[in-house]
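What follows is the content of input.pdb, which has PDB, C-alpha atoms:
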```
MODEL        1
ATOM      1  CA  MET A 430     134.243 180.785   4.672
ATOM      2  CA  LEU A 431     131.343 180.752   7.135
ATOM      3  CA  THR A 432     129.612 177.445   7.627
ATOM      4  CA  LEU A 433     128.095 175.079  10.178
ATOM      5  CA  PRO A 434     129.238 171.814  11.798
ATOM      6  CA  HIS A 435     129.176 168.740   9.528
ATOM      7  CA  SER A 436     128.624 170.860   6.418
ATOM      8  CA  GLY A 437     131.366 169.055   4.497
ATOM      9  CA  ALA A 438     133.306 172.287   4.194
ATOM     10  CA  GLU A 439     136.498 170.350   3.462
ATOM     11  CA  VAL A 440     135.295 169.855  -0.117
ATOM     12  CA  LEU A 441     135.094 173.593  -0.726
ATOM     13  CA  ARG A 442     138.314 174.179   1.201
ATOM     14  CA  ASP A 443     140.173 171.726  -1.037
ATOM     15  CA  ASN A 444     138.776 173.475  -4.098
ATOM     16  CA  LEU A 445     140.004 176.822  -2.801
ATOM     17  CA  ALA A 446     143.383 175.383  -1.810
ATOM     18  CA  SER A 447     143.881 174.192  -5.395
ATOM     19  CA  SER A 448     144.682 177.817  -6.197
ATOM     20  CA  ALA A 449     148.284 178.808  -5.491
ATOM     21  CA  ALA A 450     146.990 182.260  -4.531
ATOM     22  CA  ILE A 451     145.107 180.999  -1.448
ATOM     23  CA  SER A 452     146.397 179.590   1.824
ATOM     24  CA  CYS A 453     143.627 177.795   3.731
ATOM     25  CA  THR A 454     143.180 177.260   7.458
ATOM     26  CA  ALA A 455     140.257 176.053   9.554
ATOM     27  CA  ARG A 456     139.008 176.735  13.073
ATOM     28  CA  THR A 457     141.935 178.908  14.134
ATOM     29  CA  GLY A 458     139.595 181.059  16.218
ATOM     30  CA  LEU A 459     140.364 184.128  14.123
ATOM     31  CA  LEU A 460     136.853 185.597  14.083
ATOM     32  CA  PRO A 461     136.036 184.964  17.775
ATOM     33  CA  MET A 462     139.424 186.437  18.686
ATOM     34  CA  CYS A 463     138.664 189.633  16.765
ATOM     35  CA  GLU A 464     135.255 189.849  18.407
ATOM     36  CA  SER A 465     136.831 189.419  21.841
ATOM     37  CA  VAL A 466     139.444 192.118  21.204
ATOM     38  CA  ALA A 467     136.780 194.444  19.822
ATOM     39  CA  SER A 468     134.643 193.886  22.915
ATOM     40  CA  THR A 469     137.617 194.754  25.128
ATOM     41  CA  TRP A 470     138.234 197.953  23.171
ATOM     42  CA  ARG A 471     134.556 198.943  23.524
ATOM     43  CA  GLN A 472     134.765 198.518  27.290
ATOM     44  CA  ILE A 473     138.050 200.373  27.588
ATOM     45  CA  GLU A 474     136.899 203.301  25.473
ATOM     46  CA  ARG A 475     133.304 203.125  26.729
ATOM     47  CA  ARG A 476     131.933 203.321  23.212
ATOM     48  CA  ALA A 477     129.371 201.183  21.414
ATOM     49  CA  GLU A 478     131.208 201.422  18.099
ATOM     50  CA  LEU A 479     134.869 200.759  17.369
ATOM     51  CA  THR A 480     137.009 203.870  17.152
ATOM     52  CA  ALA A 481     139.710 204.380  14.543
ATOM     53  CA  LEU A 482     142.332 203.450  17.143
ATOM     54  CA  ALA A 483     140.566 200.203  18.052
ATOM     55  CA  THR A 484     140.055 199.293  14.402
ATOM     56  CA  SER A 485     143.681 199.923  13.489
ATOM     57  CA  SER A 486     144.807 197.864  16.484
ATOM     58  CA  ILE A 487     142.743 194.852  15.396
ATOM     59  CA  ARG A 488     143.848 195.265  11.776
ATOM     60  CA  ALA A 489     147.492 195.274  12.842
ATOM     61  CA  LEU A 490     147.011 192.086  14.881
ATOM     62  CA  VAL A 491     145.295 190.161  12.086
ATOM     63  CA  THR A 492     147.574 191.548   9.371
ATOM     64  CA  SER A 493     150.642 190.271  11.211
ATOM     65  CA  MET A 494     149.069 186.809  11.407
ATOM     66  CA  ALA A 495     148.157 186.922   7.724
ATOM     67  CA  ALA A 496     151.701 187.952   6.836
ATOM     68  CA  ALA A 497     153.106 185.020   8.809
ATOM     69  CA  ARG A 498     150.681 182.613   7.154
ATOM     70  CA  THR A 499     151.205 183.768   3.579
ATOM     71  CA  ALA A 500     154.970 184.016   4.033
ATOM     72  CA  THR A 501     155.209 180.296   4.757
ATOM     73  CA  SER A 502     152.745 179.261   2.045
ATOM     74  CA  GLY A 503     153.754 181.617  -0.737
ATOM     75  CA  ALA A 504     150.101 182.529  -1.272
ATOM     76  CA  SER A 505     148.831 186.087  -1.541
ATOM     77  CA  ARG A 506     145.486 185.522   0.205
ATOM     78  CA  TRP A 507     144.316 183.791   3.359
ATOM     79  CA  CYS A 508     141.102 181.786   3.596
ATOM     80  CA  GLU A 509     139.850 180.838   7.060
ATOM     81  CA  THR A 510     137.008 178.378   7.574
ATOM     82  CA  ALA A 511     134.968 179.569  10.547
ATOM     83  CA  ILE A 512     132.385 177.242  12.026
ATOM     84  CA  SER A 513     131.874 178.818  15.437
ATOM     85  CA  GLY A 514     132.390 182.444  14.480
ATOM     86  CA  ILE A 515     129.249 183.356  12.519
ATOM     87  CA  GLY A 516     128.169 185.823  15.179
ATOM     88  CA  ALA A 517     131.571 187.505  15.063
ATOM     89  CA  ALA A 518     131.692 187.849  11.280
ATOM     90  CA  GLY A 519     129.954 191.221  11.334
ATOM     91  CA  THR A 520     132.664 192.740  13.522
ATOM     92  CA  PHE A 521     135.394 191.251  11.350
ATOM     93  CA  LEU A 522     133.787 192.714   8.240
ATOM     94  CA  LYS A 523     133.695 196.163   9.825
ATOM     95  CA  VAL A 524     137.429 195.947  10.492
ATOM     96  CA  PHE A 525     138.171 194.387   7.088
ATOM     97  CA  PRO A 526     135.414 195.658   4.753
ATOM     98  CA  GLU A 527     137.261 194.256   1.716
ATOM     99  CA  THR A 528     136.777 190.678   2.951
ATOM    100  CA  SER A 529     134.940 188.221   0.673
ATOM    101  CA  ILE A 530     132.844 185.729   2.630
ATOM    102  CA  ILE A 531     131.400 182.485   1.289
ATOM    103  CA  CYS A 532     128.374 181.226   3.249
ATOM    104  CA  LEU A 533     128.277 177.442   2.812
ATOM    105  CA  HIS A 534     124.988 175.671   3.539
ATOM    106  CA  ARG A 535     123.964 172.029   3.738
ATOM    107  CA  ARG A 536     120.504 170.509   4.191
ATOM    108  CA  CYS A 537     119.551 169.412   7.697
ATOM    109  CA  ASP A 538     119.152 165.701   7.019
ATOM    110  CA  ALA A 539     122.588 165.541   5.366
ATOM    111  CA  VAL A 540     124.128 167.276   8.377
ATOM    112  CA  LEU A 541     122.370 164.809  10.660
ATOM    113  CA  THR A 542     123.693 161.859   8.677
ATOM    114  CA  ALA A 543     127.235 163.233   8.847
ATOM    115  CA  ALA A 544     126.928 163.816  12.598
ATOM    116  CA  MET A 545     125.583 160.324  13.220
ATOM    117  CA  ARG A 546     128.431 158.754  11.269
ATOM    118  CA  ALA A 547     131.010 160.909  13.028
ATOM    119  CA  PHE A 548     129.648 160.214  16.543
ATOM    120  CA  PRO A 549     127.839 156.854  16.377
ATOM    121  CA  ARG A 550     127.874 156.334  20.152
ATOM    122  CA  ALA A 551     125.825 159.474  20.655
ATOM    123  CA  PHE A 552     123.218 158.001  18.336
ATOM    124  CA  ALA A 553     123.243 154.395  19.517
ATOM    125  CA  ASP A 554     120.682 152.158  17.847
ATOM    126  CA  GLU A 555     119.962 154.951  15.428
ATOM    127  CA  SER A 556     118.409 152.711  12.808
ATOM    128  CA  PRO A 557     115.454 152.499  12.762
ATOM    129  CA  TRP A 558     115.184 154.294  16.132
ATOM    130  CA  PRO A 559     112.366 152.034  17.398
ATOM    131  CA  ASP A 560     112.490 152.952  21.105
ATOM    132  CA  SER A 561     114.930 155.793  21.279
ATOM    133  CA  PRO A 562     116.051 156.619  24.838
ATOM    134  CA  ALA A 563     116.283 160.196  26.041
ATOM    135  CA  ALA A 564     120.003 160.416  25.280
ATOM    136  CA  GLN A 565     119.399 159.673  21.610
ATOM    137  CA  ASP A 566     116.549 162.164  21.461
ATOM    138  CA  SER A 567     118.859 164.737  23.008
ATOM    139  CA  ALA A 568     121.561 164.158  20.416
ATOM    140  CA  PHE A 569     119.058 164.247  17.579
ATOM    141  CA  THR A 570     117.398 167.413  18.852
ATOM    142  CA  PHE A 571     120.750 169.045  19.605
ATOM    143  CA  VAL A 572     122.041 168.618  16.051
ATOM    144  CA  CYS A 573     118.755 169.842  14.563
ATOM    145  CA  THR A 574     118.709 172.865  16.870
ATOM    146  CA  GLN A 575     122.337 173.647  16.071
ATOM    147  CA  TRP A 576     121.601 173.386  12.356
ATOM    148  CA  ALA A 577     118.576 175.702  12.576
ATOM    149  CA  GLU A 578     120.419 178.342  14.617
ATOM    150  CA  SER A 579     123.563 178.258  12.461
ATOM    151  CA  THR A 580     121.632 178.291   9.193
ATOM    152  CA  GLN A 581     119.489 181.222  10.307
ATOM    153  CA  ALA A 582     122.625 183.093  11.383
ATOM    154  CA  LEU A 583     124.205 182.483   7.977
ATOM    155  CA  LEU A 584     121.108 183.737   6.158
ATOM    156  CA  ASP A 585     120.877 186.798   8.403
ATOM    157  CA  PHE A 586     124.533 187.614   7.816
ATOM    158  CA  GLN A 587     124.203 187.366   4.059
ATOM    159  CA  LEU A 588     121.032 189.481   4.075
ATOM    160  CA  ALA A 589     122.875 192.186   6.019
ATOM    161  CA  ASN A 590     125.987 191.988   3.820
ATOM    162  CA  PRO A 591     124.876 191.132   0.258
ATOM    163  CA  ARG A 592     127.887 192.674  -1.496
ATOM    164  CA  SER A 593     130.470 190.954   0.673
ATOM    165  CA  SER A 594     128.966 187.469   0.776
ATOM    166  CA  LEU A 595     128.164 184.599  -1.577
ATOM    167  CA  ARG A 596     125.669 181.835  -0.801
ATOM    168  CA  LEU A 597     126.748 178.338  -1.766
ATOM    169  CA  ARG A 598     125.037 175.013  -1.130
ATOM    170  CA  ARG A 599     127.133 171.919  -0.549
ATOM    171  CA  GLU A 600     124.696 169.906  -2.664
ATOM    172  CA  ASP A 601     125.270 172.165  -5.681
ATOM    173  CA  LEU A 602     129.002 171.830  -5.214
ATOM    174  CA  ASP A 603     128.620 168.048  -5.250
ATOM    175  CA  SER A 604     126.404 167.999  -8.349
ATOM    176  CA  ASP A 605     128.328 170.489 -10.472
ATOM    177  CA  ALA A 606     131.610 171.553  -8.905
ATOM    178  CA  GLN A 607     132.867 173.151 -12.105
ATOM    179  CA  ALA A 608     129.966 175.592 -12.424
ATOM    180  CA  GLN A 609     129.867 176.390  -8.719
ATOM    181  CA  MET A 610     133.599 177.018  -8.498
ATOM    182  CA  THR A 611     133.429 179.256 -11.571
ATOM    183  CA  ALA A 612     131.042 181.469  -9.597
ATOM    184  CA  VAL A 613     133.299 181.282  -6.540
ATOM    185  CA  TRP A 614     136.449 182.272  -8.454
ATOM    186  CA  SER A 615     134.583 185.160 -10.047
ATOM    187  CA  PHE A 616     133.318 186.317  -6.651
ATOM    188  CA  LEU A 617     136.866 186.207  -5.271
ATOM    189  CA  GLY A 618     138.332 187.943  -8.296
ATOM    190  CA  LEU A 619     140.692 185.057  -9.021
ATOM    191  CA  THR A 620     141.464 182.945 -12.067
ATOM    192  CA  ALA A 621     140.372 179.328 -11.783
ATOM    193  CA  PRO A 622     143.275 176.853 -11.483
ATOM    194  CA  SER A 623     143.808 174.500 -14.395
ATOM    195  CA  ALA A 624     143.436 171.315 -12.322
ATOM    196  CA  ALA A 625     140.018 169.703 -12.025
ATOM    197  CA  PRO A 626     138.264 170.563  -8.743
ATOM    198  CA  PRO A 627     138.266 167.920  -5.984
ATOM    199  CA  SER A 628     135.034 166.006  -5.609
ATOM    200  CA  GLU A 629     132.949 164.682  -2.744
ATOM    201  CA  SER A 630     134.309 161.168  -3.309
ATOM    202  CA  ASP A 631     137.765 162.374  -2.333
ATOM    203  CA  HIS A 632     136.498 162.688   1.236
ATOM    204  CA  GLU A 633     134.226 159.631   1.290
ATOM    205  CA  PRO A 634     136.377 156.782  -0.062
ATOM    206  CA  GLY A 635     134.154 153.942   1.096
ATOM    207  CA  PRO A 636     130.947 152.745  -0.543
ATOM    208  CA  ARG A 637     127.938 154.990  -0.056
ATOM    209  CA  GLN A 638     125.568 153.868   2.663
ATOM    210  CA  PRO A 639     121.851 154.609   2.741
ATOM    211  CA  PRO A 640     121.006 157.488   5.089
ATOM    212  CA  PRO A 641     119.659 156.477   8.498
ATOM    213  CA  ARG A 642     116.055 156.979   9.445
ATOM    214  CA  TYR A 643     115.283 159.814  11.803
ATOM    215  CA  PRO A 644     112.718 159.879  14.662
ATOM    216  CA  LEU A 645     110.869 162.854  13.261
ATOM    217  CA  ASP A 646     107.913 162.174  15.549
ATOM    218  CA  ARG A 647     110.161 162.936  18.514
ATOM    219  CA  LEU A 648     111.318 166.273  17.122
ATOM    220  CA  PRO A 649     109.571 169.255  18.787
ATOM    221  CA  SER A 650     106.980 170.672  16.396
ATOM    222  CA  PRO A 651     108.291 174.280  16.518
ATOM    223  CA  LEU A 652     111.807 173.083  15.725
ATOM    224  CA  ARG A 653     110.659 170.966  12.790
ATOM    225  CA  ALA A 654     108.609 173.896  11.491
ATOM    226  CA  ALA A 655     111.667 176.156  11.724
ATOM    227  CA  ILE A 656     113.784 173.613   9.849
ATOM    228  CA  ASN A 657     111.200 173.300   7.093
ATOM    229  CA  GLU A 658     110.958 177.083   6.783
ATOM    230  CA  LEU A 659     114.726 177.306   6.362
ATOM    231  CA  HIS A 660     114.709 174.408   3.883
ATOM    232  CA  VAL A 661     112.167 176.280   1.764
ATOM    233  CA  LYS A 662     114.288 179.442   1.832
ATOM    234  CA  LEU A 663     117.308 177.455   0.669
ATOM    235  CA  GLY A 664     115.442 175.477  -1.979
ATOM    236  CA  TYR A 665     115.583 172.132  -0.142
ATOM    237  CA  PRO A 666     112.713 169.625   0.163
ATOM    238  CA  ARG A 667     110.726 169.636   3.380
ATOM    239  CA  PHE A 668     112.235 167.701   6.298
TER     240      PHE A 668
ENDMDL
END
```

For the structure just supplied, provide its representation as structure tokens.
Amino acid sequence: MLTLPHSGAEVLRDNLASSAAISCTARTGLLPMCESVASTWRQIERRAELTALATSSIRALVTSMAAARTATSGASRWCETAISGIGAAGTFLKVFPETSIICLHRRCDAVLTAAMRAFPRAFADESPWPDSPAAQDSAFTFVCTQWAESTQALLDFQLANPRSSLRLRREDLDSDAQAQMTAVWSFLGLTAPSAAPPSESDHEPGPRQPPPRYPLDRLPSPLRAAINELHVKLGYPRF
């Protein structure tokens, strides 16, 4: 699974883990590790593309890890959630062309809300942001910039690898988990488990709070335009 920070990927991960055939991990560094090893091989062999020897070496390394993981879990497949490895996914797919990759998206304002609730000190006095100091502006702009860059990278990856990837929006998973997971199981070539899929409420036990207000007037115009362009591509309302 490829996704971005604060996407709520744990909801999808729990759905996938409900299948006895899948063993799930998150942020192990698997994809960046493969990219690093591949880069070393390119330098050693002085080639732009991976040779058969380099590819088999990386496959052997990852396969041994997968065997260790599935041996302890009893599952037949390994699902890794990668948040910082979007740029390395292309290399991984070249080494493992049979990989199925789910690209999980979430709208920018929802990601901002999750970030603000996870790190309230970074967004002090966030509501209603009357006289936001530079530190708050920096946090707000940082999350928006990170969202735009990660979302664009996800879209670019899926465009380059349409047969190996599936686009999924967190909002659709929240509104109709059954239908969305039916598509996911079909994409993965697996039978859906009999248990009902976990829901968003399983991860947010407390009462829902209204989303905070954002200082959109302090957001750089080019960045806001980029966010809105990505929102349109993903079918989200303008930000």

Spatial neighbours of Thr499 of chain A, 10 Å, all atoms listed in the file, chain gap at least 5 places, as a count of residues only: 9

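For the choices A:Ala483, A:Leu445, A:Leu459, A:Val440, the atom-to-atom distance to Leu617 of chain A is smallest for A:Leu445 when using only C-alpha atoms.
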
Pick from A:Ser623, A:Gln575, A:Thr542, A:Gln472 nearest to Ile656 of chain A, counting all atoms listed in the file: A:Gln575

Exercise: Thr574 of chain A partners within 8 Å, only C-alpha atoms, chain neighbours under 4 positions left out, as a list in words: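 Using only C-alpha atoms, the neighbours found are Thr570, Glu578 and Leu652 of chain A.
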
Best match for closeness to Val466 of chain A among A:Ala517, A:Glu439, A:Thr611, A:Tyr643, counting only C-alpha atoms: A:Ala517

Pairwise distance for atom CA of Arg535 of chain A and atom CA of Asp585 of chain A, rounded to one decimal in Å: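 Straight-line distance from atom CA of Arg535 of chain A to atom CA of Asp585 of chain A works out to 15.8 Å.
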
d(atom CA of Arg488 of chain A, atom CA of Arg476 of chain A) in Å: 18.4 Å

Residue nearest Arg536 of chain A - candidates A:Leu648, A:Cys573, A:Leu595, A:Leu431, atoms counted: only C-alpha atoms: A:Cys573

Selection under test: the PyMOL selection byres ((chain A and resi 468) around 12); residues as JSON, numbers by chain: {"A": [461, 462, 463, 464, 465, 466, 467, 469, 470, 471, 472, 473, 474, 475, 476, 477, 478, 479, 480, 483, 484, 487, 517, 520, 521]}

Just C-alpha atoms for this one: save the residues we selected as a PDB file, keeping the file's coordinate frame.
```pdb
ATOM      1  CA  PRO A 461     136.036 184.964  17.775  1.00  0.00           C
ATOM      2  CA  MET A 462     139.424 186.437  18.686  1.00  0.00           C
ATOM      3  CA  CYS A 463     138.664 189.633  16.765  1.00  0.00           C
ATOM      4  CA  GLU A 464     135.255 189.849  18.407  1.00  0.00           C
ATOM      5  CA  SER A 465     136.831 189.419  21.841  1.00  0.00           C
ATOM      6  CA  VAL A 466     139.444 192.118  21.204  1.00  0.00           C
ATOM      7  CA  ALA A 467     136.780 194.444  19.822  1.00  0.00           C
ATOM      8  CA  THR A 469     137.617 194.754  25.128  1.00  0.00           C
ATOM      9  CA  TRP A 470     138.234 197.953  23.171  1.00  0.00           C
ATOM     10  CA  ARG A 471     134.556 198.943  23.524  1.00  0.00           C
ATOM     11  CA  GLN A 472     134.765 198.518  27.290  1.00  0.00           C
ATOM     12  CA  ILE A 473     138.050 200.373  27.588  1.00  0.00           C
ATOM     13  CA  GLU A 474     136.899 203.301  25.473  1.00  0.00           C
ATOM     14  CA  ARG A 475     133.304 203.125  26.729  1.00  0.00           C
ATOM     15  CA  ARG A 476     131.933 203.321  23.212  1.00  0.00           C
ATOM     16  CA  ALA A 477     129.371 201.183  21.414  1.00  0.00           C
ATOM     17  CA  GLU A 478     131.208 201.422  18.099  1.00  0.00           C
ATOM     18  CA  LEU A 479     134.869 200.759  17.369  1.00  0.00           C
ATOM     19  CA  THR A 480     137.009 203.870  17.152  1.00  0.00           C
ATOM     20  CA  ALA A 483     140.566 200.203  18.052  1.00  0.00           C
ATOM     21  CA  THR A 484     140.055 199.293  14.402  1.00  0.00           C
ATOM     22  CA  ILE A 487     142.743 194.852  15.396  1.00  0.00           C
ATOM     23  CA  ALA A 517     131.571 187.505  15.063  1.00  0.00           C
ATOM     24  CA  THR A 520     132.664 192.740  13.522  1.00  0.00           C
ATOM     25  CA  PHE A 521     135.394 191.251  11.350  1.00  0.00           C
TER      26      PHE A 521
END
```

Ground truth for the PyMOL selection byres ((chain A and resi 430) around 9), written as a list of chain:residue names: A:Leu431, A:Thr432, A:Ala438, A:Arg442, A:Cys508, A:Glu509, A:Thr510, A:Ala511, A:Ile512, A:Ser529, A:Ile530, A:Ile531, A:Cys532, A:Leu533

Atom-to-atom span, atom CA of Ser493 of chain A and atom CA of Ala518 of chain A, Å: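 According to the coordinates, atom CA of Ser493 of chain A and atom CA of Ala518 of chain A are separated by 19.1 Å.
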
Of the listed residues A:Ser604, A:Ser594, A:Ser486, A:Ser448, that which approaches Glu527 of chain A most closely, counting all atoms listed in the file: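 For Glu527 of chain A, the nearest of the given residues is A:Ser594.
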
Radius query 10 Å about (123.7, 181.1, 12.3), atoms used: all atoms listed in the file, as number ranges by chain: A: 431-433, 512-516, 575-586

Contacts of Tyr665 of chain A at 12 Å (only C-alpha atoms; same-chain gap of 4+ positions) as JSON, numbers by chain: {"A": [534, 535, 536, 537, 538, 539, 598, 599, 600, 601, 656, 657, 658, 659, 660, 661]}

Would you give the centre and edge lengths, in Å to one decimal, of a box along x, y and z around the listed atoms of segment 460-463 of chain A, with 3 Å added to each side, as lines of an AutoDock Vina configuration file?
```
center_x = 137.7
center_y = 187.3
center_z = 16.4
size_x = 9.4
size_y = 10.7
size_z = 10.6
```
